[in-house]
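Coordinates from target-v2.txt are shown below (compact mmCIF, C-alpha atoms and all ligand atoms).
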# COMPACT_ATOMS: atom_id res chain seq x y z
CA MET A 503 108.49 104.43 122.35
CA ASN A 504 111.26 103.08 124.63
CA GLU A 505 111.07 100.40 127.28
CA PRO A 506 111.31 102.02 130.68
CA GLY A 507 114.82 102.01 132.03
CA THR A 508 116.55 100.36 129.05
CA GLY A 509 116.61 103.03 126.36
CA ALA A 510 115.94 100.24 123.85
CA SER A 511 112.80 100.04 121.75
CA PRO A 512 110.59 97.08 122.73
CA SER A 513 109.90 94.47 120.05
CA PRO A 514 106.72 94.94 117.99
CA GLU A 515 105.39 91.79 119.67
CA ARG A 516 105.59 93.47 123.08
CA ARG A 517 104.17 96.77 121.86
CA VAL A 518 101.06 95.48 120.13
CA LYS A 519 98.06 93.80 121.78
CA PRO A 520 96.97 90.35 120.53
CA PRO A 521 94.89 90.42 117.34
CA PRO A 522 91.16 90.77 118.08
CA ASP A 523 88.95 87.86 117.03
CA ARG A 524 86.53 90.08 115.15
CA LEU A 525 87.16 92.15 112.03
CA TYR A 526 86.68 95.91 111.98
CA GLY A 527 86.36 96.91 108.31
CA ARG A 528 83.07 97.38 106.45
CA ILE A 529 81.34 94.08 105.66
CA LYS A 530 77.67 94.70 104.85
CA SER A 531 76.35 97.15 102.35
CA HIS A 532 73.11 98.99 103.17
CA THR A 533 71.47 98.34 99.85
CA LEU A 534 72.23 95.63 97.35
CA ARG A 535 70.85 95.81 93.83
CA PRO A 536 68.86 92.74 92.65
CA ARG A 537 71.81 91.53 90.54
CA GLN A 538 74.16 91.78 93.55
CA ARG A 539 71.65 89.89 95.74
CA LYS A 540 71.51 87.12 93.11
CA LEU A 541 75.29 86.95 92.90
CA LEU A 542 75.52 86.45 96.67
CA ASP A 543 72.56 84.05 96.86
CA GLU A 544 73.09 82.00 93.70
CA THR A 545 76.69 82.31 92.51
CA LEU A 546 78.67 82.54 95.74
CA PRO A 547 77.41 79.18 97.13
CA ARG A 548 78.65 77.48 93.94
CA ILE A 549 82.22 78.74 94.36
CA ARG A 550 82.43 79.17 98.14
CA PHE A 551 85.34 77.61 100.00
CA GLN A 552 83.81 76.07 103.13
CA MET A 553 85.70 76.08 106.40
CA GLU A 554 85.08 72.30 106.65
CA ALA A 555 87.30 71.88 103.58
CA ALA A 556 90.27 73.52 105.30
CA THR A 557 91.86 70.25 106.45
CA ASP A 558 92.13 69.05 102.81
CA PRO A 559 91.92 72.28 100.80
CA ARG A 560 92.91 70.86 97.41
CA ALA A 561 89.85 68.55 97.53
CA ALA A 562 87.65 71.66 97.27
CA PHE A 563 88.78 72.09 93.64
CA PRO A 564 87.40 69.93 90.81
CA MET A 565 90.88 69.53 89.28
CA ALA A 566 94.38 68.44 90.24
CA LEU A 567 96.46 71.46 91.26
CA ASP A 568 100.17 72.09 90.80
CA GLN A 569 100.11 74.54 93.70
CA LEU A 570 97.65 76.19 96.05
CA TRP A 571 97.74 79.97 96.64
CA LEU A 572 95.72 82.21 98.93
CA GLU A 573 94.82 85.90 98.65
CA VAL A 574 93.74 87.91 101.70
CA GLY A 575 91.28 90.77 101.09
CA PHE A 576 90.91 90.68 97.29
CA GLY A 577 88.82 93.88 97.18
CA GLY A 578 87.38 94.18 93.65
CA GLY A 579 89.08 90.93 92.59
CA GLU A 580 91.34 92.28 89.79
CA HIS A 581 94.46 90.63 91.19
CA ALA A 582 92.73 87.27 91.91
CA LEU A 583 91.18 87.09 88.42
CA SER A 584 94.42 87.95 86.71
CA GLN A 585 96.33 85.33 88.73
CA ILE A 586 93.91 82.48 87.93
CA GLU A 587 93.91 83.36 84.23
CA THR A 588 97.70 83.51 84.05
CA ASN A 589 98.21 80.40 86.20
CA PRO A 590 95.56 77.86 85.14
CA SER A 591 97.18 74.91 86.93
CA VAL A 592 97.27 76.73 90.28
CA GLY A 593 94.31 76.82 92.66
CA LEU A 594 93.56 80.12 94.36
CA ILE A 595 91.50 80.58 97.50
CA ALA A 596 90.57 84.26 97.44
CA CYS A 597 89.28 85.72 100.72
CA GLU A 598 87.11 88.81 101.13
CA VAL A 599 84.52 89.78 103.72
CA PHE A 600 83.19 92.97 102.13
CA GLU A 601 79.95 92.13 100.31
CA LEU A 602 80.43 94.65 97.52
CA GLY A 603 83.93 93.28 96.88
CA LEU A 604 82.50 89.76 96.58
CA CYS A 605 79.82 91.08 94.20
CA SER A 606 82.42 92.89 92.12
CA LEU A 607 84.45 89.73 91.53
CA LEU A 608 81.38 87.51 91.05
CA SER A 609 79.87 89.93 88.51
CA ARG A 610 82.91 89.36 86.30
CA LEU A 611 82.45 85.59 86.40
CA VAL A 612 78.84 85.23 85.26
CA PRO A 613 76.70 87.35 82.94
CA ASP A 614 73.27 88.72 83.91
CA ASP A 615 70.66 86.01 84.42
CA ALA A 616 73.28 83.25 84.56
CA GLU A 617 73.98 83.66 88.28
CA ALA A 618 72.71 80.17 89.13
CA THR A 619 74.03 78.35 86.08
CA GLY A 620 76.99 80.14 84.42
CA PRO A 621 80.21 78.09 84.42
CA LEU A 622 82.75 79.10 87.08
CA PRO A 623 86.56 78.85 86.97
CA ALA A 624 87.75 75.47 88.21
CA ASN A 625 90.86 76.95 89.84
CA LEU A 626 89.17 79.61 91.99
CA ARG A 627 87.34 79.30 95.32
CA LEU A 628 86.11 82.22 97.43
CA TYR A 629 86.23 82.34 101.21
CA ASP A 630 83.86 85.01 102.50
CA ASP A 631 84.98 85.15 106.11
CA ASP A 632 88.07 86.12 108.11
CA ALA A 633 91.17 84.87 106.28
CA ARG A 634 93.02 84.63 109.61
CA GLN A 635 90.67 81.86 110.80
CA LEU A 636 91.11 79.97 107.55
CA ILE A 637 94.90 80.24 107.74
CA ARG A 638 94.84 78.83 111.28
CA ALA A 639 92.82 75.83 110.03
CA LEU A 640 94.94 74.96 106.96
CA PRO A 641 97.44 72.07 107.08
CA ASP A 642 101.18 72.64 107.41
CA GLY A 643 102.90 73.48 104.14
CA SER A 644 99.65 73.61 102.16
CA LEU A 645 100.30 76.94 100.38
CA HIS A 646 102.97 77.98 97.90
CA ARG A 647 101.98 81.65 97.92
CA LEU A 648 100.08 84.10 100.07
CA PHE A 649 99.05 87.53 98.75
CA LEU A 650 98.32 90.52 100.95
CA MET A 651 97.73 93.43 98.59
CA PHE A 652 97.17 96.84 100.14
CA PRO A 653 95.73 95.70 103.48
CA ASP A 654 93.65 98.08 105.58
CA PRO A 655 96.40 100.16 107.19
CA TRP A 656 94.82 100.98 110.58
CA PRO A 657 97.36 103.79 110.94
CA LYS A 658 96.42 104.84 114.49
CA LEU A 659 98.74 103.27 117.06
CA ARG A 660 95.81 102.15 119.20
CA HIS A 661 94.48 100.17 116.19
CA ALA A 662 97.79 98.44 115.43
CA LYS A 663 96.43 95.14 116.77
CA ARG A 664 93.95 95.08 113.87
CA ARG A 665 96.69 94.99 111.22
CA PHE A 666 96.97 91.75 109.28
CA VAL A 667 100.77 91.87 109.55
CA HIS A 668 100.85 91.08 113.25
CA PRO A 669 103.67 89.33 115.14
CA ALA A 670 101.17 86.83 116.60
CA LEU A 671 100.02 85.70 113.13
CA LEU A 672 103.50 85.17 111.65
CA PRO A 673 103.96 81.60 113.01
CA ASP A 674 100.61 80.57 111.48
CA ILE A 675 101.51 82.09 108.12
CA ALA A 676 104.94 80.46 108.21
CA ARG A 677 103.39 77.10 109.14
CA VAL A 678 100.98 76.99 106.18
CA LEU A 679 103.60 78.00 103.60
CA VAL A 680 105.96 75.41 102.11
CA LEU A 681 109.67 76.00 102.64
CA GLY A 682 110.63 78.52 99.97
CA GLY A 683 106.98 79.61 99.69
CA GLU A 684 106.38 83.31 99.08
CA TRP A 685 104.36 85.85 101.05
CA ARG A 686 103.75 88.95 98.94
CA ILE A 687 102.80 92.15 100.71
CA ALA A 688 102.10 95.50 99.08
CA SER A 689 101.26 98.72 100.89
CA ASP A 690 101.11 102.41 100.08
CA ASP A 691 100.58 103.61 103.63
CA PRO A 692 103.74 105.05 105.26
CA THR A 693 102.74 103.88 108.76
CA TYR A 694 102.02 100.37 107.50
CA GLN A 695 105.23 100.36 105.48
CA ALA A 696 107.23 101.23 108.58
CA TRP A 697 105.26 98.60 110.51
CA VAL A 698 106.01 95.83 107.96
CA THR A 699 109.68 96.80 107.98
CA GLU A 700 109.76 96.64 111.76
CA VAL A 701 107.73 93.43 112.23
CA MET A 702 109.50 91.54 109.45
CA GLY A 703 112.86 92.82 110.68
CA ALA A 704 112.20 91.34 114.12
CA GLN A 705 111.38 87.79 113.02
CA THR A 706 113.36 84.77 111.82
CA LEU A 707 110.76 82.73 109.92
CA PHE A 708 111.09 84.54 106.59
CA ASP A 709 113.90 85.98 104.49
CA VAL A 710 112.76 89.48 103.63
CA PRO A 711 114.84 91.37 101.05
CA PRO A 712 114.27 95.13 100.87
CA PRO A 713 110.96 95.96 99.17
CA ALA A 714 110.67 96.94 95.50
CA THR A 715 109.43 100.44 94.68
CA ILE A 716 108.16 99.45 91.23
CA ARG A 717 105.54 96.69 90.98
CA PRO A 718 107.45 93.52 90.09
CA GLU A 719 106.67 91.38 87.05
CA GLY A 720 103.86 88.90 87.79
CA TRP A 721 102.17 91.15 90.36
CA PRO A 722 98.85 92.19 88.75
CA PRO A 723 97.71 95.73 89.60
CA THR A 724 94.85 96.34 92.02
CA ARG A 725 92.26 99.06 92.49
CA TYR A 726 93.83 100.31 95.71
CA GLU A 727 97.23 100.52 94.12
CA ALA A 728 95.83 102.67 91.31
CA LYS A 729 94.11 104.92 93.87
CA ALA A 730 97.33 105.25 95.87
CA ILE A 731 99.43 106.17 92.84
CA ARG A 732 96.83 108.75 91.69
CA ALA A 733 97.01 110.29 95.16
CA GLY A 734 100.83 110.52 94.89
CA ARG A 735 101.65 107.77 97.41
CA GLN A 736 104.57 105.41 96.79
CA PRO A 737 103.67 101.71 97.13
CA LEU A 738 106.24 99.23 98.41
CA TYR A 739 106.23 95.57 97.38
CA TRP A 740 107.71 92.91 99.68
CA SER A 741 108.40 89.32 98.80
CA ALA A 742 109.03 87.36 102.00
CA VAL A 743 110.35 83.83 101.53
CA ARG A 744 109.62 81.09 104.06
CA ARG A 745 112.85 79.79 105.59
C1 LIG P 1 92.22 98.23 101.49
S1 LIG P 1 91.33 96.91 100.78
C2 LIG P 1 92.40 96.37 99.48
C3 LIG P 1 91.69 95.53 98.44
C4 LIG P 1 92.55 94.94 97.32
N1 LIG P 1 93.53 94.00 97.82
C5 LIG P 1 93.23 96.02 96.51
O1 LIG P 1 94.47 96.12 96.59
O2 LIG P 1 92.53 96.74 95.78
C6 LIG P 1 91.53 95.64 101.97
C7 LIG P 1 90.46 94.55 101.89
O3 LIG P 1 90.78 93.49 102.76
C8 LIG P 1 89.59 92.96 103.31
N2 LIG P 1 89.99 92.26 104.54
C9 LIG P 1 90.60 92.83 105.61
N3 LIG P 1 90.89 91.91 106.54
C10 LIG P 1 90.45 90.72 106.03
C11 LIG P 1 90.47 89.38 106.53
N4 LIG P 1 91.01 89.11 107.73
N5 LIG P 1 89.93 88.41 105.78
C12 LIG P 1 89.40 88.70 104.56
N6 LIG P 1 89.36 89.94 104.03
C13 LIG P 1 89.89 90.94 104.76
C14 LIG P 1 88.70 94.17 103.51
O4 LIG P 1 87.33 93.81 103.54
C15 LIG P 1 89.07 95.03 102.31
O5 LIG P 1 88.18 94.82 101.23

Is it possible to express this structure as structure tokens?
Amino acid sequence: MNEPGTGASPSPERRVKPPPDRLYGRIKSHTLRPRQRKLLDETLPRIRFQMEAATDPRAAFPMALDQLWLEVGFGGGEHALSQIETNPSVGLIACEVFELGLCSLLSRLVPDDAEATGPLPANLRLYDDDARQLIRALPDGSLHRLFLMFPDPWPKLRHAKRRFVHPALLPDIARVLVLGGEWRIASDDPTYQAWVTEVMGAQTLFDVPPPATIRPEGWPPTRYEAKAIRAGRQPLYWSAVRR
């Protein structure tokens, strides 16, 4: 798509509309089993990260933290759970809006009938709303890492504005990361891969080395990654470093 009269391709910023305020993926599930209802009603409130805590996010954890990390769209929660187990002195705010995803992670934290009482990890908090709003509310330099694992690709051009990697969000993401902080992005979708390459190639806030084609050490696998590999798609793994 060329700019009229110039022959040059317009920047991604000029080609894509601003990000919409609302989210488009699936959020509610039609039927929740009794256990899932209890997890949402009894367990989630005990581990929920409240928007009011955003101005002082470390205070939402009952322990001193070496670093604070954030995961966007944790899906079934495999990556988040592995990260908090491997990094006990780091606090993770894991964001997901899809109810069944929240239930999937919560079900691995507390056994049946302990939804209201079972102990919960001190270094994990769940944010069950739009991660973009939370990022906008966090203080400067409050995060050491941000994870975006296999985001919804929205491959149609007219849906590009819904993609999490969006030129308009980059300044917010850069602002909340410390200098040298890392933004990890993984995607198996060829359109999204080309989009990340283009958007990250047109910005100056992050150093972005070429992506890895094999999952790097310290990147726990996720459900979507497994699905992508089974289907014969090649994931790419970016590690963008805040300048
Ligand atoms: C394709 S799934 C990938 C899940 C997981 N990361 C994995 O790799 O298996 C993307 C997830 O991101 C969630 N999501 C998308 N945009 C989000 C946002 N702005 N805030 C929180 N969650 C979001 C969706 O609900 C969905 O569950």

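When atom CA of A:Leu567 is paired with atom CA of A:Gly593, their separation reads 5.9 Å.
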
May I have the residues within 12 Å of A:Ala582 as a ChimeraX atom specification, using only C-alpha atoms and disregarding those fewer than 6 positions away in the same chain? /A:571-576,588-590,592-598,603-604,606-608,610-611,623,625-628,648-651,720-725

Quick one: which chain A residues come within 10 Å of ligand LIG 1 (chain P), and what is the nearest atom pair for each with the distance in Å to one decimal, counting all atoms listed in the file, rows ordered by chain and ascending number, as JSON lines?
{"residue": "A:Asp523", "atom": "CA", "partner": "P:LIG1", "partner_atom": "N4", "distance": 9.6}
{"residue": "A:Arg524", "atom": "CA", "partner": "P:LIG1", "partner_atom": "N4", "distance": 8.7}
{"residue": "A:Leu525", "atom": "CA", "partner": "P:LIG1", "partner_atom": "N4", "distance": 6.5}
{"residue": "A:Tyr526", "atom": "CA", "partner": "P:LIG1", "partner_atom": "N3", "distance": 8.0}
{"residue": "A:Gly527", "atom": "CA", "partner": "P:LIG1", "partner_atom": "O4", "distance": 5.8}
{"residue": "A:Arg528", "atom": "CA", "partner": "P:LIG1", "partner_atom": "O4", "distance": 6.3}
{"residue": "A:Ile529", "atom": "CA", "partner": "P:LIG1", "partner_atom": "O4", "distance": 6.4}
{"residue": "A:Lys530", "atom": "CA", "partner": "P:LIG1", "partner_atom": "O4", "distance": 9.8}
{"residue": "A:Glu573", "atom": "CA", "partner": "P:LIG1", "partner_atom": "N1", "distance": 8.2}
{"residue": "A:Val574", "atom": "CA", "partner": "P:LIG1", "partner_atom": "C12", "distance": 5.3}
{"residue": "A:Gly575", "atom": "CA", "partner": "P:LIG1", "partner_atom": "O3", "distance": 3.2}
{"residue": "A:Phe576", "atom": "CA", "partner": "P:LIG1", "partner_atom": "N1", "distance": 4.3}
{"residue": "A:Gly577", "atom": "CA", "partner": "P:LIG1", "partner_atom": "C3", "distance": 3.5}
{"residue": "A:Gly578", "atom": "CA", "partner": "P:LIG1", "partner_atom": "O2", "distance": 6.1}
{"residue": "A:Gly579", "atom": "CA", "partner": "P:LIG1", "partner_atom": "C4", "distance": 7.1}
{"residue": "A:Glu580", "atom": "CA", "partner": "P:LIG1", "partner_atom": "O2", "distance": 7.6}
{"residue": "A:His581", "atom": "CA", "partner": "P:LIG1", "partner_atom": "N1", "distance": 7.5}
{"residue": "A:Ala582", "atom": "CA", "partner": "P:LIG1", "partner_atom": "N1", "distance": 9.0}
{"residue": "A:Ala596", "atom": "CA", "partner": "P:LIG1", "partner_atom": "C12", "distance": 8.5}
{"residue": "A:Cys597", "atom": "CA", "partner": "P:LIG1", "partner_atom": "C12", "distance": 4.9}
{"residue": "A:Glu598", "atom": "CA", "partner": "P:LIG1", "partner_atom": "N6", "distance": 3.8}
{"residue": "A:Val599", "atom": "CA", "partner": "P:LIG1", "partner_atom": "N6", "distance": 4.9}
{"residue": "A:Phe600", "atom": "CA", "partner": "P:LIG1", "partner_atom": "O4", "distance": 4.5}
{"residue": "A:Glu601", "atom": "CA", "partner": "P:LIG1", "partner_atom": "O4", "distance": 8.2}
{"residue": "A:Leu602", "atom": "CA", "partner": "P:LIG1", "partner_atom": "O5", "distance": 8.6}
{"residue": "A:Gly603", "atom": "CA", "partner": "P:LIG1", "partner_atom": "O5", "distance": 6.3}
{"residue": "A:Leu604", "atom": "CA", "partner": "P:LIG1", "partner_atom": "O5", "distance": 8.9}
{"residue": "A:Tyr629", "atom": "CA", "partner": "P:LIG1", "partner_atom": "C12", "distance": 7.9}
{"residue": "A:Asp630", "atom": "CA", "partner": "P:LIG1", "partner_atom": "C12", "distance": 7.0}
{"residue": "A:Asp631", "atom": "CA", "partner": "P:LIG1", "partner_atom": "C12", "distance": 5.9}
{"residue": "A:Asp632", "atom": "CA", "partner": "P:LIG1", "partner_atom": "N5", "distance": 3.8}
{"residue": "A:Ala633", "atom": "CA", "partner": "P:LIG1", "partner_atom": "N5", "distance": 3.8}
{"residue": "A:Arg634", "atom": "CA", "partner": "P:LIG1", "partner_atom": "N4", "distance": 5.3}
{"residue": "A:Gln635", "atom": "CA", "partner": "P:LIG1", "partner_atom": "N4", "distance": 7.9}
{"residue": "A:Leu636", "atom": "CA", "partner": "P:LIG1", "partner_atom": "N5", "distance": 8.7}
{"residue": "A:Ile637", "atom": "CA", "partner": "P:LIG1", "partner_atom": "N4", "distance": 9.7}
{"residue": "A:Phe649", "atom": "CA", "partner": "P:LIG1", "partner_atom": "N1", "distance": 8.6}
{"residue": "A:Leu650", "atom": "CA", "partner": "P:LIG1", "partner_atom": "N1", "distance": 6.7}
{"residue": "A:Met651", "atom": "CA", "partner": "P:LIG1", "partner_atom": "N1", "distance": 4.3}
{"residue": "A:Phe652", "atom": "CA", "partner": "P:LIG1", "partner_atom": "O1", "distance": 4.5}
{"residue": "A:Pro653", "atom": "CA", "partner": "P:LIG1", "partner_atom": "C6", "distance": 4.5}
{"residue": "A:Asp654", "atom": "CA", "partner": "P:LIG1", "partner_atom": "C1", "distance": 4.3}
{"residue": "A:Pro655", "atom": "CA", "partner": "P:LIG1", "partner_atom": "C1", "distance": 7.3}
{"residue": "A:Trp656", "atom": "CA", "partner": "P:LIG1", "partner_atom": "C1", "distance": 9.8}
{"residue": "A:Arg664", "atom": "CA", "partner": "P:LIG1", "partner_atom": "N3", "distance": 8.6}
{"residue": "A:Arg665", "atom": "CA", "partner": "P:LIG1", "partner_atom": "N3", "distance": 8.1}
{"residue": "A:Phe666", "atom": "CA", "partner": "P:LIG1", "partner_atom": "N3", "distance": 6.7}
{"residue": "A:Ile687", "atom": "CA", "partner": "P:LIG1", "partner_atom": "N1", "distance": 9.9}
{"residue": "A:Ala688", "atom": "CA", "partner": "P:LIG1", "partner_atom": "O1", "distance": 8.0}
{"residue": "A:Ser689", "atom": "CA", "partner": "P:LIG1", "partner_atom": "O1", "distance": 8.4}
{"residue": "A:Asp690", "atom": "CA", "partner": "P:LIG1", "partner_atom": "O1", "distance": 9.8}
{"residue": "A:Pro722", "atom": "CA", "partner": "P:LIG1", "partner_atom": "O1", "distance": 9.8}
{"residue": "A:Pro723", "atom": "CA", "partner": "P:LIG1", "partner_atom": "O1", "distance": 7.7}
{"residue": "A:Thr724", "atom": "CA", "partner": "P:LIG1", "partner_atom": "O2", "distance": 4.4}
{"residue": "A:Arg725", "atom": "CA", "partner": "P:LIG1", "partner_atom": "O2", "distance": 4.0}
{"residue": "A:Tyr726", "atom": "CA", "partner": "P:LIG1", "partner_atom": "O2", "distance": 3.8}
{"residue": "A:Glu727", "atom": "CA", "partner": "P:LIG1", "partner_atom": "O1", "distance": 5.8}
{"residue": "A:Ala728", "atom": "CA", "partner": "P:LIG1", "partner_atom": "O2", "distance": 8.1}
{"residue": "A:Lys729", "atom": "CA", "partner": "P:LIG1", "partner_atom": "O2", "distance": 8.5}
{"residue": "A:Ala730", "atom": "CA", "partner": "P:LIG1", "partner_atom": "O1", "distance": 9.6}

File dump, residues just selected, C-alpha atoms, as a tab-separated table (two decimals), in the frame of the given file:
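The resulting file, again-v2.tsv, is reproduced below:
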chain	number	residue	atom	x	y	z
A	523	ASP	CA	88.95	87.86	117.03
A	524	ARG	CA	86.53	90.08	115.15
A	525	LEU	CA	87.16	92.15	112.03
A	526	TYR	CA	86.68	95.91	111.98
A	527	GLY	CA	86.36	96.91	108.31
A	528	ARG	CA	83.07	97.38	106.45
A	529	ILE	CA	81.34	94.08	105.66
A	530	LYS	CA	77.67	94.70	104.85
A	573	GLU	CA	94.82	85.90	98.65
A	574	VAL	CA	93.74	87.91	101.70
A	575	GLY	CA	91.28	90.77	101.09
A	576	PHE	CA	90.91	90.68	97.29
A	577	GLY	CA	88.82	93.88	97.18
A	578	GLY	CA	87.38	94.18	93.65
A	579	GLY	CA	89.08	90.93	92.59
A	580	GLU	CA	91.34	92.28	89.79
A	581	HIS	CA	94.46	90.63	91.19
A	582	ALA	CA	92.73	87.27	91.91
A	596	ALA	CA	90.57	84.26	97.44
A	597	CYS	CA	89.28	85.72	100.72
A	598	GLU	CA	87.11	88.81	101.13
A	599	VAL	CA	84.52	89.78	103.72
A	600	PHE	CA	83.19	92.97	102.13
A	601	GLU	CA	79.95	92.13	100.31
A	602	LEU	CA	80.43	94.65	97.52
A	603	GLY	CA	83.93	93.28	96.88
A	604	LEU	CA	82.50	89.76	96.58
A	629	TYR	CA	86.23	82.34	101.21
A	630	ASP	CA	83.86	85.01	102.50
A	631	ASP	CA	84.98	85.15	106.11
A	632	ASP	CA	88.07	86.12	108.11
A	633	ALA	CA	91.17	84.87	106.28
A	634	ARG	CA	93.02	84.63	109.61
A	635	GLN	CA	90.67	81.86	110.80
A	636	LEU	CA	91.11	79.97	107.55
A	637	ILE	CA	94.90	80.24	107.74
A	649	PHE	CA	99.05	87.53	98.75
A	650	LEU	CA	98.32	90.52	100.95
A	651	MET	CA	97.73	93.43	98.59
A	652	PHE	CA	97.17	96.84	100.14
A	653	PRO	CA	95.73	95.70	103.48
A	654	ASP	CA	93.65	98.08	105.58
A	655	PRO	CA	96.40	100.16	107.19
A	656	TRP	CA	94.82	100.98	110.58
A	664	ARG	CA	93.95	95.08	113.87
A	665	ARG	CA	96.69	94.99	111.22
A	666	PHE	CA	96.97	91.75	109.28
A	687	ILE	CA	102.80	92.15	100.71
A	688	ALA	CA	102.10	95.50	99.08
A	689	SER	CA	101.26	98.72	100.89
A	690	ASP	CA	101.11	102.41	100.08
A	722	PRO	CA	98.85	92.19	88.75
A	723	PRO	CA	97.71	95.73	89.60
A	724	THR	CA	94.85	96.34	92.02
A	725	ARG	CA	92.26	99.06	92.49
A	726	TYR	CA	93.83	100.31	95.71
A	727	GLU	CA	97.23	100.52	94.12
A	728	ALA	CA	95.83	102.67	91.31
A	729	LYS	CA	94.11	104.92	93.87
A	730	ALA	CA	97.33	105.25	95.87

Using only C-alpha atoms, pick whichever of A:Thr706, A:Thr557, A:Ser644, A:Ser511 has the shortest atom-to-atom distance to A:Leu570. A:Ser644

If I take atom CA of A:Ala562 and atom CA of A:Ile586, how far is one from the other in Å, to one decimal? 15.6 Å

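Our summary of the geometry notes that atom CA of A:Arg647 is positioned 24.6 Å from atom CA of A:Pro692.
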
Please provide the set of residues having any atom within 10 Å of A:Thr699, restricted to all atoms listed in the file, with same-chain residues fewer than 4 positions apart removed, written as a PyMOL selection string. chain A and resi 693-695+703-704+710+712-713+740

In the coordinates of the file, take the point (100.6, 89.5, 121.3) and a cut-off of 10 Å; then, counting only C-alpha atoms, name each qualifying protein, DNA or RNA residue as a ChimeraX atom specification. /A:514-521,663,668-671

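Shortest atom-to-atom contact with A:Gly682 among A:Arg744, A:Arg660, A:Arg735, A:His646: A:Arg744, counting only C-alpha atoms.
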
Env of A:Gly683: 9 Å cut, atoms = only C-alpha atoms, seq-sep filter 2 positions within chain, self excluded. Answer as a PyMOL selection string. chain A and resi 643+645-648+676+679-681+685+742-745

Using all atoms listed in the file: which of A:Glu544, A:Met702, A:Val667, A:Arg732 has the shortest distance to A:Ser513: A:Met702
